[in-house]
file data.cif (mmCIF, C-alpha atoms)
data_my_file
#
loop_
_atom_site.label_atom_id
_atom_site.label_comp_id
_atom_site.auth_asym_id
_atom_site.auth_seq_id
_atom_site.Cartn_x
_atom_site.Cartn_y
_atom_site.Cartn_z
CA ASP V 696 -18.03 -0.28 -8.49
CA HIS V 697 -16.96 -0.27 -4.84
CA HIS V 698 -16.92 3.45 -4.07
CA ARG V 699 -19.38 5.28 -1.86
CA VAL V 700 -22.80 5.31 -3.54
CA PRO V 701 -24.02 8.85 -4.31
CA PRO V 702 -27.45 9.95 -3.01
CA GLN V 703 -28.77 9.86 -6.59
CA LEU V 704 -27.83 6.75 -8.57
CA PRO V 705 -26.46 7.32 -12.08
CA PRO V 706 -28.83 6.56 -14.98
CA ALA V 707 -27.99 2.95 -15.79
CA LEU V 708 -29.69 -0.38 -16.44
CA ALA V 709 -27.90 -1.75 -13.38
CA VAL V 710 -25.75 -0.25 -10.63
CA VAL V 711 -23.82 -3.16 -9.13
CA ASN V 712 -22.26 -2.06 -5.86
CA PRO V 713 -22.34 -3.94 -2.52
CA GLN V 714 -22.42 -0.58 -0.72
CA ARG V 715 -25.88 0.28 -2.00
CA ARG V 716 -28.25 0.82 0.90
CA ASP V 717 -30.62 -1.80 -0.54
CA SER V 718 -27.86 -4.37 -1.16
CA ILE V 719 -28.28 -7.71 0.60
CA TYR V 720 -24.80 -8.92 -0.35
CA PRO V 721 -23.04 -10.07 2.85
CA ASP V 722 -19.65 -8.39 2.25
CA ALA V 723 -19.52 -4.72 1.28
CA ARG V 724 -15.69 -4.61 1.36
CA LEU V 725 -15.18 -5.95 -2.17
CA ALA V 726 -12.98 -3.85 -4.43
CA GLY V 727 -14.20 -2.94 -7.92
CA SER V 728 -12.30 -5.89 -9.40
CA GLY V 729 -13.93 -8.13 -6.79
CA VAL V 730 -17.38 -6.92 -7.84
CA ALA V 731 -16.49 -7.68 -11.48
CA PHE V 732 -15.22 -11.11 -10.41
CA LYS V 733 -18.48 -11.92 -8.60
CA LEU V 734 -20.47 -10.80 -11.65
CA ALA V 735 -18.32 -13.06 -13.85
CA GLN V 736 -18.96 -15.97 -11.47
CA LEU V 737 -22.70 -15.38 -11.72
CA LEU V 738 -22.68 -15.18 -15.53
CA LEU V 739 -20.40 -18.19 -16.02
CA ASP V 740 -22.09 -20.38 -13.44
CA ALA V 741 -24.79 -21.41 -15.92
CA GLN V 742 -22.24 -22.77 -18.40
CA PRO V 743 -20.63 -26.22 -18.23
CA GLY V 744 -17.34 -25.85 -16.41
CA GLY V 745 -18.14 -22.19 -15.78
CA ALA V 746 -17.27 -22.30 -12.10
CA GLU V 747 -13.68 -23.33 -12.85
CA ILE V 748 -13.39 -20.76 -15.64
CA ALA V 749 -14.50 -18.04 -13.21
CA LEU V 750 -11.98 -19.09 -10.56
CA GLY V 751 -9.32 -18.75 -13.27
CA LEU V 752 -10.02 -15.00 -13.16
CA ALA V 753 -9.19 -14.72 -9.46
CA ASP V 754 -5.63 -13.58 -10.22
CA LEU V 755 -6.99 -10.48 -11.97
CA ALA V 756 -9.42 -9.83 -9.12
CA THR V 757 -6.55 -10.15 -6.64
CA ILE V 758 -4.35 -7.67 -8.51
CA GLY V 759 -7.20 -5.15 -8.56
CA THR V 760 -8.00 -5.71 -4.89
CA VAL V 761 -4.39 -5.08 -3.85
CA ALA V 762 -3.94 -2.12 -6.20
CA ASP V 763 -7.09 -0.55 -4.77
CA VAL V 764 -5.70 -1.00 -1.22
CA ALA V 765 -8.91 -2.79 -0.25
CA PRO V 766 -8.98 -4.49 3.17
CA ILE V 767 -7.69 -8.07 3.05
CA LEU V 768 -10.61 -9.33 5.10
CA GLY V 769 -13.62 -11.52 4.44
CA GLU V 770 -14.18 -12.32 0.77
CA ASN V 771 -11.27 -10.12 -0.34
CA ARG V 772 -8.94 -12.40 1.64
CA ALA V 773 -10.51 -15.51 0.10
CA ILE V 774 -10.09 -14.05 -3.40
CA ALA V 775 -6.48 -13.17 -2.59
CA ARG V 776 -5.71 -16.73 -1.48
CA ILE V 777 -7.12 -18.21 -4.70
CA GLY V 778 -5.59 -15.54 -6.92
CA LEU V 779 -2.11 -15.85 -5.42
CA GLU V 780 -2.20 -19.61 -5.90
CA ARG V 781 -3.03 -19.11 -9.57
CA ILE V 782 -0.18 -16.61 -10.05
CA ARG V 783 2.23 -19.01 -8.35
CA ARG V 784 1.18 -22.06 -10.38
CA HIS V 785 -0.09 -20.67 -13.70
CA ALA V 786 1.05 -17.06 -14.13
CA ARG V 787 -0.34 -15.44 -17.26
CA PRO V 788 2.36 -14.60 -19.83
CA GLY V 789 1.93 -10.89 -19.09
CA ILE V 790 2.27 -11.31 -15.33
CA ALA V 791 5.24 -13.64 -15.79
CA ALA V 792 6.90 -11.02 -18.02
CA LEU V 793 6.43 -8.28 -15.39
CA LEU V 794 7.81 -10.50 -12.64
CA LYS V 795 10.80 -11.48 -14.79
CA ARG V 796 11.73 -7.81 -15.13
CA SER V 797 11.77 -7.62 -11.32
CA ALA V 798 13.74 -10.90 -10.98
CA ILE V 799 10.88 -12.48 -9.04
CA ASP V 800 9.96 -16.14 -9.36
CA PRO V 801 6.15 -16.41 -9.72
CA ALA V 802 6.24 -19.42 -7.35
CA GLY V 803 7.21 -17.07 -4.52
CA ALA V 804 4.72 -14.30 -5.30
CA ASP V 805 2.75 -12.74 -2.44
CA LEU V 806 0.58 -9.65 -1.98
CA GLU V 807 3.70 -7.53 -1.55
CA THR V 808 4.82 -8.70 -4.99
CA ILE V 809 1.60 -7.32 -6.43
CA SER V 810 1.92 -4.05 -4.48
CA PHE V 811 5.48 -3.29 -5.53
CA ALA V 812 6.19 -5.21 -8.76
CA ILE V 813 2.89 -5.67 -10.61
CA ALA V 814 0.37 -2.96 -9.72
CA PRO V 815 2.64 0.10 -10.15
CA ARG V 816 3.65 -1.01 -13.65
CA LEU V 817 0.08 -1.74 -14.71
CA ASN V 818 -1.10 1.59 -13.30
CA ALA V 819 1.76 3.47 -14.96
CA ALA V 820 0.18 2.73 -18.35
CA GLY V 821 -2.86 4.82 -17.50
CA ARG V 822 -0.94 7.50 -15.60
CA VAL V 823 1.66 8.49 -18.20
CA GLY V 824 1.15 6.15 -21.16
CA GLU V 825 -1.63 4.26 -22.91
CA ALA V 826 -4.01 2.53 -20.48
CA LEU V 827 -4.92 -0.16 -23.00
CA ASP V 828 -1.32 -1.43 -22.91
CA ALA V 829 -2.00 -2.79 -19.42
CA ALA V 830 -5.09 -4.63 -20.67
CA ARG V 831 -3.18 -5.96 -23.67
CA LEU V 832 -0.46 -7.27 -21.36
CA LEU V 833 -2.93 -9.07 -19.11
CA LEU V 834 -4.72 -10.59 -22.10
CA ALA V 835 -1.55 -11.56 -24.02
CA ASP V 836 -1.22 -15.31 -24.64
CA ASP V 837 2.11 -15.03 -26.47
CA GLU V 838 5.36 -14.75 -24.49
CA ALA V 839 7.10 -12.55 -27.08
CA GLU V 840 4.17 -10.10 -27.18
CA ALA V 841 4.03 -10.06 -23.37
CA THR V 842 7.75 -9.30 -23.14
CA LEU V 843 7.45 -6.30 -25.48
CA LEU V 844 4.46 -4.93 -23.59
CA ALA V 845 6.21 -5.43 -20.25
CA GLU V 846 9.17 -3.42 -21.57
CA SER V 847 6.79 -0.62 -22.60
CA LEU V 848 5.17 -0.60 -19.15
CA GLU V 849 8.61 -0.53 -17.53
CA THR V 850 9.44 2.62 -19.50
CA SER V 851 6.14 4.20 -18.44
CA ASN V 852 6.81 3.25 -14.83
CA ARG V 853 10.24 4.90 -14.86
CA THR V 854 8.67 8.06 -16.27
CA ARG V 855 5.95 7.89 -13.62
CA ARG V 856 8.56 7.57 -10.85
CA ASP V 857 10.54 10.57 -12.08
CA LEU V 858 7.44 12.75 -12.49
CA THR V 859 6.11 11.74 -9.08
CA LYS V 860 9.39 12.48 -7.32
CA SER V 861 9.65 16.00 -8.73
CA ALA V 862 5.94 16.69 -8.10
CA VAL V 863 6.19 15.52 -4.47
CA ASP V 864 9.18 17.82 -3.93
CA GLU V 865 7.23 20.76 -5.37
CA ALA V 866 4.12 19.85 -3.35
CA ARG V 867 6.11 19.79 -0.11
CA LEU V 868 7.37 23.30 -0.74
CA ALA V 869 3.85 24.50 -1.56
CA VAL V 870 2.45 23.02 1.66
CA GLU V 871 5.25 24.59 3.72
CA ALA V 872 4.56 27.98 2.11
CA SER V 873 0.82 27.74 2.81
CA GLY V 874 1.36 27.13 6.53
CA GLY V 875 -1.92 25.18 6.86
CA GLU V 876 -2.14 22.66 9.70
CA GLY V 877 -5.41 20.75 9.32
CA SER V 878 -4.88 19.53 5.77
CA ALA V 879 -2.56 19.77 2.76
CA VAL V 880 -4.26 21.21 -0.35
CA VAL V 881 -2.10 22.05 -3.38
CA ILE V 882 -2.63 22.64 -7.09
CA ARG V 883 -0.39 23.00 -10.15
CA GLY V 884 -0.95 23.42 -13.85
CA ASP V 885 1.98 21.30 -14.99
CA TRP V 886 1.32 18.06 -13.08
CA PRO V 887 -0.15 15.19 -15.14
CA VAL V 888 -3.56 14.12 -13.90
CA GLY V 889 -2.29 10.55 -13.65
CA ILE V 890 0.13 11.26 -10.81
CA VAL V 891 -1.89 13.54 -8.50
CA GLY V 892 -3.18 10.55 -6.52
CA LEU V 893 0.38 9.33 -5.94
CA VAL V 894 1.44 12.79 -4.77
CA ALA V 895 -1.55 13.01 -2.43
CA SER V 896 -0.73 9.58 -0.96
CA ARG V 897 2.86 10.61 -0.24
CA LEU V 898 1.81 13.90 1.38
CA ALA V 899 -0.80 12.22 3.60
CA GLU V 900 1.75 9.62 4.69
CA GLU V 901 4.57 12.09 5.33
CA LEU V 902 2.58 14.90 6.92
CA GLY V 903 0.05 12.84 8.86
CA ARG V 904 -2.94 14.81 7.59
CA PRO V 905 -5.48 14.61 4.75
CA ALA V 906 -4.10 15.70 1.39
CA VAL V 907 -5.75 17.02 -1.78
CA VAL V 908 -3.69 17.46 -4.93
CA GLY V 909 -5.18 19.12 -7.99
CA ALA V 910 -4.15 19.33 -11.63
CA ASN V 911 -5.26 22.63 -13.19
CA LEU V 912 -6.35 21.84 -16.74
CA GLY V 913 -7.41 25.41 -17.55
CA SER V 914 -11.17 25.58 -17.27
CA VAL V 915 -11.43 22.60 -14.90
CA VAL V 916 -9.47 21.08 -12.02
CA ARG V 917 -9.17 17.35 -11.47
CA ALA V 918 -8.02 16.35 -8.01
CA SER V 919 -7.25 13.29 -5.89
CA CYS V 920 -7.62 13.09 -2.13
CA ARG V 921 -5.99 10.76 0.38
CA SER V 922 -6.68 10.46 4.09
CA ASP V 923 -4.25 9.80 6.91
CA GLY V 924 -7.05 7.94 8.71
CA SER V 925 -8.36 10.95 10.59
CA LEU V 926 -10.96 12.10 8.02
CA ASP V 927 -13.67 10.25 6.08
CA LEU V 928 -13.05 11.64 2.59
CA GLY V 929 -16.22 10.18 1.09
CA ALA V 930 -18.41 12.00 3.61
CA THR V 931 -16.32 15.17 3.37
CA LEU V 932 -16.65 15.37 -0.41
CA GLU V 933 -20.39 14.83 -0.13
CA ALA V 934 -20.47 17.95 2.04
CA CYS V 935 -18.78 19.80 -0.84
CA GLY V 936 -20.86 18.11 -3.53
CA ASP V 937 -22.51 21.31 -4.79
CA LEU V 938 -19.09 22.53 -6.01
CA PHE V 939 -18.27 19.51 -8.18
CA THR V 940 -19.21 18.45 -11.67
CA ARG V 941 -18.40 14.88 -10.57
CA PHE V 942 -16.87 13.14 -7.59
CA GLY V 943 -16.56 9.76 -5.93
CA GLY V 944 -14.54 7.70 -3.51
CA HIS V 945 -14.57 6.20 -0.05
CA ALA V 946 -13.22 6.98 3.41
CA GLY V 947 -9.54 6.63 2.54
CA ALA V 948 -9.34 7.89 -1.04
CA ALA V 949 -11.48 10.01 -3.33
CA GLY V 950 -11.39 12.24 -6.38
CA PHE V 951 -13.36 15.02 -8.01
CA GLU V 952 -13.61 17.48 -10.87
CA LEU V 953 -14.81 21.07 -10.61
CA PRO V 954 -14.73 24.34 -12.59
CA ALA V 955 -11.43 26.10 -11.94
CA GLU V 956 -13.17 29.19 -10.53
CA ARG V 957 -14.61 27.07 -7.67
CA TRP V 958 -11.21 25.79 -6.45
CA ASP V 959 -10.75 28.53 -3.84
CA ALA V 960 -14.25 27.91 -2.46
CA PHE V 961 -13.46 24.20 -2.21
CA ARG V 962 -10.11 24.83 -0.51
CA GLU V 963 -11.78 27.02 2.11
CA ARG V 964 -14.63 24.60 2.83
CA PHE V 965 -12.39 21.53 2.89
CA GLY V 966 -10.01 23.31 5.27
CA ILE V 967 -12.87 24.05 7.65
CA LEU V 968 -14.14 20.45 7.55
CA ALA V 969 -10.66 18.97 8.03
CA GLY V 970 -9.82 21.44 10.78
CA ALA V 971 -12.96 20.55 12.72
CA ILE V 972 -11.65 17.07 13.53
CA GLY V 973 -8.79 18.50 15.60
CA PRO V 974 -5.07 17.83 15.28
CA ASN V 975 -4.01 14.29 14.53
CA ASP V 976 -1.36 12.70 16.73
CA ARG V 977 1.52 12.31 14.28
CA ARG V 978 3.72 10.15 16.45
CA ARG V 979 4.44 6.74 14.98
CA VAL V 980 2.28 4.04 16.53
CA ALA V 981 3.37 0.41 16.47
CA ARG V 982 0.72 -2.11 17.47
CA LEU V 983 2.76 -5.15 18.35
CA ASP V 984 1.65 -8.75 17.98
CA LEU V 985 4.70 -10.22 19.69
CA ALA V 986 7.70 -9.05 21.75
CA LEU V 987 10.60 -11.45 22.22
CA PRO V 988 14.28 -11.37 23.16
CA ALA V 989 16.53 -11.53 20.10
CA ALA V 990 17.62 -15.13 20.76
CA ALA V 991 14.00 -16.34 20.37
CA ILE V 992 13.74 -15.23 16.73
CA ASP V 993 14.21 -18.25 14.43
CA TYR V 994 12.96 -19.96 11.28
CA ALA V 995 10.27 -21.88 13.17
CA LEU V 996 8.72 -18.59 14.34
CA HIS V 997 8.87 -17.20 10.80
CA ARG V 998 7.10 -20.30 9.43
CA ASP V 999 4.39 -20.05 12.10
CA LEU V 1000 3.76 -16.37 11.35
CA ALA V 1001 3.72 -17.08 7.59
CA THR V 1002 0.64 -19.29 8.02
CA LEU V 1003 -1.36 -16.11 8.76
CA ALA V 1004 -0.93 -14.90 5.16
CA PRO V 1005 -2.25 -13.34 3.03
CA CYS V 1006 -2.03 -10.09 4.97
CA GLY V 1007 -2.67 -6.52 3.91
CA PRO V 1008 -4.78 -3.46 4.78
CA GLY V 1009 -7.11 -4.23 7.67
CA ASN V 1010 -5.20 -7.46 8.34
CA PRO V 1011 -1.55 -6.38 8.58
CA ASP V 1012 1.49 -8.63 8.75
CA PRO V 1013 2.34 -9.62 12.33
CA LEU V 1014 4.56 -6.95 13.88
CA VAL V 1015 7.32 -8.26 16.13
CA ALA V 1016 9.49 -6.41 18.65
CA ILE V 1017 12.96 -7.98 18.74
CA LEU V 1018 14.62 -6.94 21.97
CA GLY V 1019 18.28 -6.45 22.74
CA MET V 1020 20.03 -6.16 19.36
CA THR V 1021 23.44 -4.49 18.94
CA VAL V 1022 24.13 -2.46 15.80
CA THR V 1023 27.34 -3.50 14.04
CA ARG V 1024 26.81 -1.66 10.76
CA VAL V 1025 24.72 1.26 9.45
CA ARG V 1026 24.43 2.04 5.75
CA ALA V 1027 22.30 4.54 3.83
CA ALA V 1028 20.78 2.74 0.84
CA ASN V 1029 19.53 4.10 -2.48
CA GLY V 1030 15.93 5.26 -2.53
CA GLY V 1031 15.92 6.78 0.97
CA HIS V 1032 16.27 3.45 2.81
CA THR V 1033 18.59 2.42 5.66
CA GLN V 1034 20.29 -0.96 6.08
CA LEU V 1035 21.34 -2.18 9.52
CA THR V 1036 23.36 -5.21 10.56
CA LEU V 1037 22.24 -6.34 14.02
CA ARG V 1038 24.11 -8.71 16.33
CA ARG V 1039 22.50 -11.00 18.84
CA VAL V 1040 24.16 -13.62 21.03
CA VAL V 1041 25.38 -16.08 18.40
CA ASP V 1042 24.96 -14.46 14.98
CA VAL V 1043 23.91 -11.36 13.04
CA VAL V 1044 20.61 -10.45 11.37
CA ASP V 1045 20.27 -8.03 8.47
CA GLY V 1046 17.59 -5.36 8.60
CA ILE V 1047 16.22 -2.96 6.01
CA ALA V 1048 14.17 0.14 6.92
CA PHE V 1049 12.29 1.29 3.82
CA ASP V 1050 11.74 5.06 3.49
CA ARG V 1051 13.61 5.64 6.76
CA ALA V 1052 16.69 7.55 5.65
CA ASP V 1053 16.57 9.27 9.05
CA LEU V 1054 17.81 6.11 10.76
CA ALA V 1055 21.14 6.39 8.92
CA GLU V 1056 21.67 9.63 10.87
CA SER V 1057 20.15 8.71 14.25
CA VAL V 1058 21.52 5.16 14.69
CA ALA V 1059 25.22 4.47 15.28
CA GLU V 1060 27.39 1.38 15.43
CA GLY V 1061 27.44 -0.02 18.95
CA ASP V 1062 23.91 1.16 19.80
CA ARG V 1063 21.81 -1.42 21.64
CA LEU V 1064 18.30 -1.36 20.24
CA ASP V 1065 14.86 -2.86 20.41
CA VAL V 1066 13.71 -3.25 16.81
CA VAL V 1067 10.10 -3.35 15.60
CA GLY V 1068 9.44 -4.94 12.24
CA ARG V 1069 8.31 -7.81 10.08
CA LEU V 1070 10.20 -11.09 9.87
CA VAL V 1071 10.97 -12.11 6.29
CA SER V 1072 12.96 -14.88 4.64
CA ARG V 1073 15.22 -14.12 1.70
CA GLN V 1074 16.80 -16.53 -0.78
CA PHE V 1075 20.22 -15.70 -2.20
CA GLY V 1076 22.65 -18.06 -3.89
CA GLY V 1077 20.53 -21.03 -2.87
CA ARG V 1078 20.71 -20.11 0.82
CA GLU V 1079 17.90 -18.86 3.03
CA SER V 1080 18.39 -16.13 5.60
CA LEU V 1081 16.14 -14.37 8.10
CA GLN V 1082 15.84 -10.61 7.75
CA VAL V 1083 13.87 -7.89 9.46
CA GLU V 1084 11.91 -5.22 7.60
CA ILE V 1085 12.31 -2.52 10.20
CA ARG V 1086 9.45 -0.14 10.98
CA ASP V 1087 11.05 1.61 13.94
CA VAL V 1088 13.73 1.32 16.62
CA ALA V 1089 14.16 2.44 20.22
CA PRO V 1090 16.97 2.29 22.80
CA SER V 1091 16.88 -1.22 24.26
CA GLY V 1092 14.68 -1.43 27.35
CA SER V 1093 13.31 2.12 26.96
CA HIS V 1094 9.72 0.85 26.89
CA PRO V 1095 8.58 -0.51 30.28
CA GLU V 1096 7.26 -3.78 28.84
CA ALA V 1097 10.47 -4.35 26.84
CA ALA V 1098 12.50 -3.69 29.99
CA ALA V 1099 10.38 -6.21 31.90
CA ILE V 1100 10.93 -8.93 29.25
CA LEU V 1101 14.68 -8.30 29.14
CA GLY V 1102 14.82 -8.22 32.93
CA ALA V 1103 13.02 -11.56 33.18
CA LEU V 1104 15.47 -13.01 30.65
CA GLN V 1105 18.45 -11.87 32.73
CA VAL V 1106 16.92 -13.43 35.84
CA ALA V 1107 16.35 -16.71 33.97
CA VAL V 1108 19.92 -16.73 32.63
CA GLY V 1109 21.26 -16.01 36.11
CA ALA V 1110 19.24 -18.84 37.63
CA THR V 1111 20.66 -21.39 35.16
CA ALA V 1112 24.27 -20.16 35.41
#
call {"tool": "encode", "arguments": {"input": "data.cif", "output": "structure tokens"}}
result
Amino acid sequence: DHHRVPPQLPPALAVVNPQRRDSIYPDARLAGSGVAFKLAQLLLDAQPGGAEIALGLADLATIGTVADVAPILGENRAIARIGLERIRRHARPGIAALLKRSAIDPAGADLETISFAIAPRLNAAGRVGEALDAARLLLADDEAEATLLAESLETSNRTRRDLTKSAVDEARLAVEASGGEGSAVVIRGDWPVGIVGLVASRLAEELGRPAVVGANLGSVVRASCRSDGSLDLGATLEACGDLFTRFGGHAGAAGFELPAERWDAFRERFGILAGAIGPNDRRRVARLDLALPAAAIDYALHRDLATLAPCGPGNPDPLVAILGMTVTRVRAANGGHTQLTLRRVVDVVDGIAFDRADLAESVAEGDRLDVVGRLVSRQFGGRESLQVEIRDVAPSGSHPEAAAILGALQVAVGATA
């Protein structure tokens, strides 16, 4: 396991967890799949060719690491490098079948591919279907069998999406009705246990506060918790440990089960603990790695930044501020996204802002913007084009440092004219 170790270890022949206080393992950031991978390496190392056989499992360890939102640092990053290379060169039939359904070439797979195309479909099996279907898919060595299983997981994933959307809408209304400020704690009797973690993640992201979402199963409540970064959930649940029949997790995500009659006591205690940390600043924060005038954005820069991969939690993709872009088109896209077409001196650049439907209302054609986002390269019809995955926008030059860069550019242009 990789979750916080409880004060009393469970009765077992071995508790393998790098977060044990007596562990001498040099990297405690391994995800659960990473711990399993290291155990497999140890067991296989004594066999002829065992080291290579173990490395052949790195793709599975990588999928688990990404799905668990573990930091892509240290050994996790090394595992991700090896695992991605295996997916690109020798994708298992099951993984290839999932990627085919998403029209993704395994040769171009990255950690984002796992986050958005692979992990949700594998997890959907356990959330609303039969969890063993995901294992069968990963173990399939026949393309026809893999295709059928991938279709089944696709159906489960569509069901999961629909259930999650309606549950998030209901949870928002419940939070608004409760009027609480320090945290979001909601419970329903008709939400499947498998989606409460997804609902909690969405609430924490949208509201900028810790979220707990419970499924009332009658005599017991099972709940998932997600943090916005302001509260250590593992420590907080330990402070409520006397209420639970079982619990576990880490700073960012956790879960528990308790008798239904203790839910109100938990809600009150959790609210006090979350409220004690003070209000969280909910303004969007963009920590920039680079700020450049629009004309300086090119394929060479994209290739240089791409060498920093793989990126992920704890090691995010480089964030670039592109200064002085003029909006020529604004379009609301399906799924709550916004597409922008941005003109610079000699050409236009397409931008997509995921989960930012608000930009379709606040940005207008002709606006001059500074755009913060991630540079990506897209292939379409055999042609490559640079695009920007937009995180946020601001009126051009509104930030003092952006104004200084643009001002220096104007001086330089004037001096060469």
call {"tool": "resolve_selection", "arguments": {"input": "data.cif", "expression": "the PyMOL selection byres ((chain V and resi 1012) around 10)", "output": "PDB file with C-alpha atoms, keeping the file's coordinate frame"}}
result
ATOM      1  CA  ASP V 984       1.650  -8.750  17.980  1.00  0.00           C
ATOM      2  CA  LEU V1000       3.760 -16.370  11.350  1.00  0.00           C
ATOM      3  CA  ALA V1001       3.720 -17.080   7.590  1.00  0.00           C
ATOM      4  CA  LEU V1003      -1.360 -16.110   8.760  1.00  0.00           C
ATOM      5  CA  ALA V1004      -0.930 -14.900   5.160  1.00  0.00           C
ATOM      6  CA  PRO V1005      -2.250 -13.340   3.030  1.00  0.00           C
ATOM      7  CA  CYS V1006      -2.030 -10.090   4.970  1.00  0.00           C
ATOM      8  CA  GLY V1007      -2.670  -6.520   3.910  1.00  0.00           C
ATOM      9  CA  PRO V1008      -4.780  -3.460   4.780  1.00  0.00           C
ATOM     10  CA  GLY V1009      -7.110  -4.230   7.670  1.00  0.00           C
ATOM     11  CA  ASN V1010      -5.200  -7.460   8.340  1.00  0.00           C
ATOM     12  CA  PRO V1011      -1.550  -6.380   8.580  1.00  0.00           C
ATOM     13  CA  PRO V1013       2.340  -9.620  12.330  1.00  0.00           C
ATOM     14  CA  LEU V1014       4.560  -6.950  13.880  1.00  0.00           C
ATOM     15  CA  VAL V1015       7.320  -8.260  16.130  1.00  0.00           C
ATOM     16  CA  GLY V1068       9.440  -4.940  12.240  1.00  0.00           C
ATOM     17  CA  ARG V1069       8.310  -7.810  10.080  1.00  0.00           C
ATOM     18  CA  LEU V1070      10.200 -11.090   9.870  1.00  0.00           C
TER      19      LEU V1070
END
call {"tool": "resolve_selection", "arguments": {"input": "data.cif", "expression": "the PyMOL selection byres ((chain V and resi 824) around 12)", "output": "JSON, numbers by chain"}}
result
{"V": [816, 817, 818, 819, 820, 821, 822, 823, 825, 826, 827, 828, 829, 844, 847, 848, 849, 850, 851, 852, 853, 854, 855, 887, 888, 889, 890]}
call {"tool": "residues_around", "arguments": {"input": "data.cif", "residues": "segment 802-808 of chain V", "least_positions_apart": "2", "cutoff": "12 Å", "atoms": "all atoms listed in the file", "output": "PyMOL selection string"}}
result
chain V and resi 754+757-762+764-765+767+771-772+774-786+790-791+793-795+797-800+810-816+1001+1004-1008+1011-1012+1071-1074
call {"tool": "residues_around", "arguments": {"input": "data.cif", "residues": "Leu953 of chain V", "least_positions_apart": "2", "cutoff": "6 Å", "atoms": "all atoms listed in the file", "output": "list in words"}}
result
Val915, Val916, Phe939 and Thr940 of chain V
call {"tool": "closest_residue", "arguments": {"input": "data.cif", "among": "V:Ala845, V:Ala1097, V:Leu834, V:Val880", "to": "Ala1016 of chain V", "atoms": "all atoms listed in the file"}}
result
V:Ala1097
call {"tool": "atom_distance", "arguments": {"input": "data.cif", "atom1": "atom CA of Gly1077 of chain V", "atom2": "atom CA of Thr842 of chain V"}}
result
26.7 Å
call {"tool": "residues_around", "arguments": {"input": "data.cif", "residues": "Arg1039 of chain V", "least_positions_apart": "2", "cutoff": "8 Å", "atoms": "only C-alpha atoms", "output": "mmCIF file with C-alpha atoms, in the coordinates of the input"}}
result
data_model
loop_
_atom_site.group_PDB
_atom_site.id
_atom_site.type_symbol
_atom_site.label_atom_id
_atom_site.label_comp_id
_atom_site.auth_asym_id
_atom_site.auth_seq_id
_atom_site.Cartn_x
_atom_site.Cartn_y
_atom_site.Cartn_z
ATOM 1 C CA ALA V 989 16.530 -11.530 20.100
ATOM 2 C CA ALA V 990 17.620 -15.130 20.760
ATOM 3 C CA GLY V 1019 18.280 -6.450 22.740
ATOM 4 C CA MET V 1020 20.030 -6.160 19.360
ATOM 5 C CA THR V 1021 23.440 -4.490 18.940
ATOM 6 C CA LEU V 1037 22.240 -6.340 14.020
ATOM 7 C CA VAL V 1041 25.380 -16.080 18.400
ATOM 8 C CA ASP V 1042 24.960 -14.460 14.980
ATOM 9 C CA VAL V 1043 23.910 -11.360 13.040
ATOM 10 C CA VAL V 1044 20.610 -10.450 11.370
#
call {"tool": "atom_distance", "arguments": {"input": "data.cif", "atom1": "atom CA of Asp993 of chain V", "atom2": "atom CA of Glu1096 of chain V"}}
result
21.6 Å
call {"tool": "resolve_selection", "arguments": {"input": "data.cif", "expression": "the PyMOL selection byres ((chain V and resi 701) around 12)", "output": "list in words"}}
result
Asp696, His697, His698, Arg699, Val700, Pro702, Gln703, Leu704, Pro705, Pro706, Val710, Asn712, Gln714, Arg715, Arg716, Gly929, Ala930, Leu932, Glu933, Ala934, Gly936, Arg941, Phe942, Gly943, Gly944 and His945 of chain V
call {"tool": "write_last_selection", "arguments": {"input": "data.cif", "atoms": "C-alpha atoms", "output": "JSON list (two decimals), in the coordinates of the input"}}
result
[["chain", "number", "residue", "atom", "x", "y", "z"],
["V", 696, "ASP", "CA", -18.03, -0.28, -8.49],
["V", 697, "HIS", "CA", -16.96, -0.27, -4.84],
["V", 698, "HIS", "CA", -16.92, 3.45, -4.07],
["V", 699, "ARG", "CA", -19.38, 5.28, -1.86],
["V", 700, "VAL", "CA", -22.80, 5.31, -3.54],
["V", 702, "PRO", "CA", -27.45, 9.95, -3.01],
["V", 703, "GLN", "CA", -28.77, 9.86, -6.59],
["V", 704, "LEU", "CA", -27.83, 6.75, -8.57],
["V", 705, "PRO", "CA", -26.46, 7.32, -12.08],
["V", 706, "PRO", "CA", -28.83, 6.56, -14.98],
["V", 710, "VAL", "CA", -25.75, -0.25, -10.63],
["V", 712, "ASN", "CA", -22.26, -2.06, -5.86],
["V", 714, "GLN", "CA", -22.42, -0.58, -0.72],
["V", 715, "ARG", "CA", -25.88, 0.28, -2.00],
["V", 716, "ARG", "CA", -28.25, 0.82, 0.90],
["V", 929, "GLY", "CA", -16.22, 10.18, 1.09],
["V", 930, "ALA", "CA", -18.41, 12.00, 3.61],
["V", 932, "LEU", "CA", -16.65, 15.37, -0.41],
["V", 933, "GLU", "CA", -20.39, 14.83, -0.13],
["V", 934, "ALA", "CA", -20.47, 17.95, 2.04],
["V", 936, "GLY", "CA", -20.86, 18.11, -3.53],
["V", 941, "ARG", "CA", -18.40, 14.88, -10.57],
["V", 942, "PHE", "CA", -16.87, 13.14, -7.59],
["V", 943, "GLY", "CA", -16.56, 9.76, -5.93],
["V", 944, "GLY", "CA", -14.54, 7.70, -3.51],
["V", 945, "HIS", "CA", -14.57, 6.20, -0.05]]
call {"tool": "atom_distance", "arguments": {"input": "data.cif", "atom1": "atom CA of Gly1061 of chain V", "atom2": "atom CA of Arg1086 of chain V"}}
result
19.7 Å
call {"tool": "residues_around", "arguments": {"input": "data.cif", "residues": "segment 1049-1056 of chain V", "least_positions_apart": "3", "cutoff": "7 Å", "atoms": "all atoms listed in the file", "output": "short mmCIF file (atom, residue, chain, number, x, y, z; two decimals) with C-alpha atoms, in the coordinates of the input"}}
result
data_model
loop_
_atom_site.label_atom_id
_atom_site.label_comp_id
_atom_site.auth_asym_id
_atom_site.auth_seq_id
_atom_site.Cartn_x
_atom_site.Cartn_y
_atom_site.Cartn_z
CA VAL V 1025 24.72 1.26 9.45
CA ARG V 1026 24.43 2.04 5.75
CA ALA V 1027 22.30 4.54 3.83
CA GLY V 1031 15.92 6.78 0.97
CA HIS V 1032 16.27 3.45 2.81
CA THR V 1033 18.59 2.42 5.66
#
